[in-house]
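Trainee: Dropping the structure in here first, questions after.
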Amino acid sequence: MWNDAFVVHVRPLLTGDLDACLDIVRGLPEFFTAGAMEAIRHDLGRRRGWAAEEGAVVGFAVVERRSRATAEILWAAVRRDRRGLGIGTRLIEHVLGALAEDGVVLVEVKTLDRSAGYDPYEPTRAFWEGRGFLQIDRIDPLPGWQPGNPCAIYVAALGTTRPG
């Protein structure tokens, strides 16, 4: 739940935030594969992103616009010692609001599927489901993912996709 004892600001991600974001990822080895570091380094410089900060960056999210009306949250993480305090919720709600203002009506997130039987991802799936994301598919193997890591595809509607 959100704790008013500290103030978290969400702002656009800056190129100078790269090291702080990579430090967050290094601190969460059970969630990020070895190849993720290089992919995140690549995406942080080329995609739109946001940072959650409390004087220093404690969380980040990176988004790729897929079309005029769709986007995918490629990466999102909160520093281990700041998890469970509402920072991720505040960050993602800000991201979803910014995307909706830009005309995005459907947002996708990919994460490890429940069928993998990997317990550290239970809270991750619960987090996305708590933000209104619904799992629509499971792909195994997903191109680009390591074998044996089934992908759960989640989507959230930010607006209507039907006319009228």
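As shown in the structure tokens, the chain order sets the letters A, B, ...; within each chain, residues go from 1, and ligands are also counted from 1 in the order they appear.
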Residues of chain A in alpha helix (DSSP H) according to DSSP, as a PyMOL selection string?
Mentor: chain A and resi 18-26+34-46+87-101+122-130
Trainee: Write the residues of the selection above to a file with C-alpha atoms, as a PDB file, in the first residue's frame.
Mentor:
```pdb
ATOM      1  CA  LEU A  18      21.097   4.440 -17.242  1.00  0.00           C
ATOM      2  CA  ASP A  19      23.513   3.376 -14.486  1.00  0.00           C
ATOM      3  CA  ALA A  20      20.850   3.674 -11.779  1.00  0.00           C
ATOM      4  CA  CYS A  21      18.433   1.570 -13.840  1.00  0.00           C
ATOM      5  CA  LEU A  22      21.065  -1.082 -14.510  1.00  0.00           C
ATOM      6  CA  ASP A  23      21.895  -1.159 -10.783  1.00  0.00           C
ATOM      7  CA  ILE A  24      18.217  -1.865 -10.066  1.00  0.00           C
ATOM      8  CA  VAL A  25      18.308  -4.742 -12.577  1.00  0.00           C
ATOM      9  CA  ARG A  26      21.551  -6.140 -11.108  1.00  0.00           C
ATOM     10  CA  ALA A  34      21.955 -12.285 -18.478  1.00  0.00           C
ATOM     11  CA  GLY A  35      20.896 -10.962 -21.892  1.00  0.00           C
ATOM     12  CA  ALA A  36      18.423  -8.541 -20.343  1.00  0.00           C
ATOM     13  CA  MET A  37      21.144  -6.110 -19.245  1.00  0.00           C
ATOM     14  CA  GLU A  38      22.264  -5.451 -22.810  1.00  0.00           C
ATOM     15  CA  ALA A  39      18.682  -5.265 -24.092  1.00  0.00           C
ATOM     16  CA  ILE A  40      17.763  -2.779 -21.354  1.00  0.00           C
ATOM     17  CA  ARG A  41      20.878  -0.715 -22.086  1.00  0.00           C
ATOM     18  CA  HIS A  42      19.816  -0.619 -25.754  1.00  0.00           C
ATOM     19  CA  ASP A  43      16.153   0.191 -25.060  1.00  0.00           C
ATOM     20  CA  LEU A  44      16.792   2.899 -22.454  1.00  0.00           C
ATOM     21  CA  GLY A  45      18.511   5.034 -25.054  1.00  0.00           C
ATOM     22  CA  ARG A  46      15.957   4.513 -27.801  1.00  0.00           C
ATOM     23  CA  ILE A  87       6.237   2.812  -6.000  1.00  0.00           C
ATOM     24  CA  GLY A  88       5.632   0.400  -8.889  1.00  0.00           C
ATOM     25  CA  THR A  89       1.919   1.144  -8.800  1.00  0.00           C
ATOM     26  CA  ARG A  90       2.522   4.887  -8.860  1.00  0.00           C
ATOM     27  CA  LEU A  91       5.040   4.512 -11.688  1.00  0.00           C
ATOM     28  CA  ILE A  92       2.850   2.300 -13.872  1.00  0.00           C
ATOM     29  CA  GLU A  93      -0.303   4.349 -13.238  1.00  0.00           C
ATOM     30  CA  HIS A  94       1.660   7.428 -14.358  1.00  0.00           C
ATOM     31  CA  VAL A  95       2.911   5.587 -17.469  1.00  0.00           C
ATOM     32  CA  LEU A  96      -0.598   4.390 -18.358  1.00  0.00           C
ATOM     33  CA  GLY A  97      -1.959   7.911 -17.909  1.00  0.00           C
ATOM     34  CA  ALA A  98       0.728   9.382 -20.162  1.00  0.00           C
ATOM     35  CA  LEU A  99       0.091   6.741 -22.803  1.00  0.00           C
ATOM     36  CA  ALA A 100      -3.674   7.359 -22.683  1.00  0.00           C
ATOM     37  CA  GLU A 101      -3.048  11.102 -23.141  1.00  0.00           C
ATOM     38  CA  GLU A 122       3.871 -14.906  -8.692  1.00  0.00           C
ATOM     39  CA  PRO A 123       3.995 -11.324  -7.288  1.00  0.00           C
ATOM     40  CA  THR A 124       4.887  -9.994 -10.744  1.00  0.00           C
ATOM     41  CA  ARG A 125       1.786 -11.473 -12.342  1.00  0.00           C
ATOM     42  CA  ALA A 126      -0.324 -10.337  -9.376  1.00  0.00           C
ATOM     43  CA  PHE A 127       1.074  -6.813  -9.816  1.00  0.00           C
ATOM     44  CA  TRP A 128       0.057  -6.607 -13.487  1.00  0.00           C
ATOM     45  CA  GLU A 129      -3.338  -8.168 -12.804  1.00  0.00           C
ATOM     46  CA  GLY A 130      -3.834  -5.634  -9.987  1.00  0.00           C
TER      47      GLY A 130
END
```
Trainee: Counting only C-alpha atoms, what is within 6 Å of stretch 73-83 of chain A, bar same-chain residues fewer than 5 positions away, as a ChimeraX atom specification?
Mentor: /A:24,58-63,109
Trainee: Dump N, CA and C atoms for the selected residues as an mmCIF file, in the first residue's frame?
Mentor:
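Saved file part.cif follows:
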```cif
data_model
loop_
_atom_site.group_PDB
_atom_site.id
_atom_site.type_symbol
_atom_site.label_atom_id
_atom_site.label_comp_id
_atom_site.auth_asym_id
_atom_site.auth_seq_id
_atom_site.Cartn_x
_atom_site.Cartn_y
_atom_site.Cartn_z
ATOM 1 N N ILE A 24 19.474 -1.257 -10.520
ATOM 2 C CA ILE A 24 18.217 -1.865 -10.066
ATOM 3 C C ILE A 24 18.102 -3.276 -10.629
ATOM 4 N N VAL A 58 14.629 4.963 -8.042
ATOM 5 C CA VAL A 58 14.303 3.720 -7.332
ATOM 6 C C VAL A 58 13.455 2.783 -8.187
ATOM 7 N N GLY A 59 13.060 3.245 -9.360
ATOM 8 C CA GLY A 59 12.274 2.419 -10.268
ATOM 9 C C GLY A 59 12.265 3.025 -11.651
ATOM 10 N N PHE A 60 11.935 2.208 -12.638
ATOM 11 C CA PHE A 60 11.873 2.713 -14.006
ATOM 12 C C PHE A 60 10.936 1.851 -14.839
ATOM 13 N N ALA A 61 10.482 2.413 -15.933
ATOM 14 C CA ALA A 61 9.670 1.692 -16.919
ATOM 15 C C ALA A 61 10.047 2.211 -18.293
ATOM 16 N N VAL A 62 10.105 1.304 -19.256
ATOM 17 C CA VAL A 62 10.449 1.641 -20.638
ATOM 18 C C VAL A 62 9.354 1.098 -21.542
ATOM 19 N N VAL A 63 8.910 1.934 -22.483
ATOM 20 C CA VAL A 63 7.777 1.605 -23.344
ATOM 21 C C VAL A 63 8.175 1.720 -24.808
ATOM 22 N N VAL A 109 2.005 -6.227 -21.967
ATOM 23 C CA VAL A 109 3.135 -6.566 -21.099
ATOM 24 C C VAL A 109 3.388 -8.056 -21.280
#
```
Trainee: Which neighbours of A:Ala116 fall inside 12 Å, counting only C-alpha atoms, when residues of the same chain fewer than 2 positions from it are skipped, and could you give them as a list of chain:residue names?
Mentor: A:Thr111, A:Leu112, A:Asp113, A:Arg114, A:Tyr118, A:Asp119, A:Pro120, A:Tyr121, A:Glu122, A:Arg138, A:Ile139, A:Asp140, A:Pro141, A:Pro147, A:Gly148, A:Asn149, A:Pro150, A:Cys151, A:Ala152
Trainee: Can you pull out every residue from chain A that DSSP, working from the backbone, puts in strand (DSSP E or B), and format the result as an MDAnalysis selection string?
Mentor: chainID A and resid 9:12 48:53 57:65 70:78 106:112 134:139 151:157
Trainee: How would the residues just picked look written out with C-alpha atoms as a PDB file, in the first residue's frame?
Mentor:
```pdb
ATOM      1  CA  HIS A   9       8.202  11.657  -8.141  1.00  0.00           C
ATOM      2  CA  VAL A  10       7.685  10.126 -11.567  1.00  0.00           C
ATOM      3  CA  ARG A  11       9.456  11.906 -14.394  1.00  0.00           C
ATOM      4  CA  PRO A  12      10.720  11.156 -17.905  1.00  0.00           C
ATOM      5  CA  ARG A  48      10.323   6.405 -24.055  1.00  0.00           C
ATOM      6  CA  GLY A  49      10.708   5.791 -20.362  1.00  0.00           C
ATOM      7  CA  TRP A  50       9.941   7.061 -16.886  1.00  0.00           C
ATOM      8  CA  ALA A  51      11.833   7.046 -13.613  1.00  0.00           C
ATOM      9  CA  ALA A  52      10.434   6.905 -10.088  1.00  0.00           C
ATOM     10  CA  GLU A  53      12.698   8.778  -7.736  1.00  0.00           C
ATOM     11  CA  VAL A  57      16.075   6.618  -9.072  1.00  0.00           C
ATOM     12  CA  VAL A  58      14.303   3.720  -7.332  1.00  0.00           C
ATOM     13  CA  GLY A  59      12.274   2.419 -10.268  1.00  0.00           C
ATOM     14  CA  PHE A  60      11.873   2.713 -14.006  1.00  0.00           C
ATOM     15  CA  ALA A  61       9.670   1.692 -16.919  1.00  0.00           C
ATOM     16  CA  VAL A  62      10.449   1.641 -20.638  1.00  0.00           C
ATOM     17  CA  VAL A  63       7.777   1.605 -23.344  1.00  0.00           C
ATOM     18  CA  GLU A  64       7.783   0.910 -27.060  1.00  0.00           C
ATOM     19  CA  ARG A  65       5.005   2.370 -29.160  1.00  0.00           C
ATOM     20  CA  THR A  70      -0.912   0.479 -28.987  1.00  0.00           C
ATOM     21  CA  ALA A  71       2.213   0.229 -26.857  1.00  0.00           C
ATOM     22  CA  GLU A  72       4.189  -2.363 -24.932  1.00  0.00           C
ATOM     23  CA  ILE A  73       5.813  -1.893 -21.548  1.00  0.00           C
ATOM     24  CA  LEU A  74       9.154  -3.534 -22.296  1.00  0.00           C
ATOM     25  CA  TRP A  75      10.811  -3.166 -18.898  1.00  0.00           C
ATOM     26  CA  ALA A  76       9.674  -2.175 -15.433  1.00  0.00           C
ATOM     27  CA  ALA A  77      11.443  -2.630 -12.118  1.00  0.00           C
ATOM     28  CA  VAL A  78      11.674  -1.181  -8.621  1.00  0.00           C
ATOM     29  CA  LEU A 106      -4.226  -0.905 -25.611  1.00  0.00           C
ATOM     30  CA  VAL A 107      -1.049  -1.711 -23.650  1.00  0.00           C
ATOM     31  CA  GLU A 108       0.777  -5.031 -23.669  1.00  0.00           C
ATOM     32  CA  VAL A 109       3.135  -6.566 -21.099  1.00  0.00           C
ATOM     33  CA  LYS A 110       5.027  -9.841 -21.413  1.00  0.00           C
ATOM     34  CA  THR A 111       6.140 -11.804 -18.360  1.00  0.00           C
ATOM     35  CA  LEU A 112       6.955 -15.345 -17.356  1.00  0.00           C
ATOM     36  CA  LEU A 134      -5.539  -9.536 -18.345  1.00  0.00           C
ATOM     37  CA  GLN A 135      -3.615 -12.507 -19.664  1.00  0.00           C
ATOM     38  CA  ILE A 136      -4.718 -13.197 -23.227  1.00  0.00           C
ATOM     39  CA  ASP A 137      -2.187 -15.789 -24.360  1.00  0.00           C
ATOM     40  CA  ARG A 138       0.793 -17.979 -23.529  1.00  0.00           C
ATOM     41  CA  ILE A 139       3.529 -18.537 -26.082  1.00  0.00           C
ATOM     42  CA  CYS A 151       5.656 -16.125 -22.068  1.00  0.00           C
ATOM     43  CA  ALA A 152       2.408 -14.797 -20.620  1.00  0.00           C
ATOM     44  CA  ILE A 153       0.988 -11.984 -22.714  1.00  0.00           C
ATOM     45  CA  TYR A 154      -1.093  -9.463 -20.797  1.00  0.00           C
ATOM     46  CA  VAL A 155      -3.057  -6.479 -22.107  1.00  0.00           C
ATOM     47  CA  ALA A 156      -4.896  -3.561 -20.547  1.00  0.00           C
ATOM     48  CA  ALA A 157      -7.411  -1.355 -22.314  1.00  0.00           C
TER      49      ALA A 157
END
```
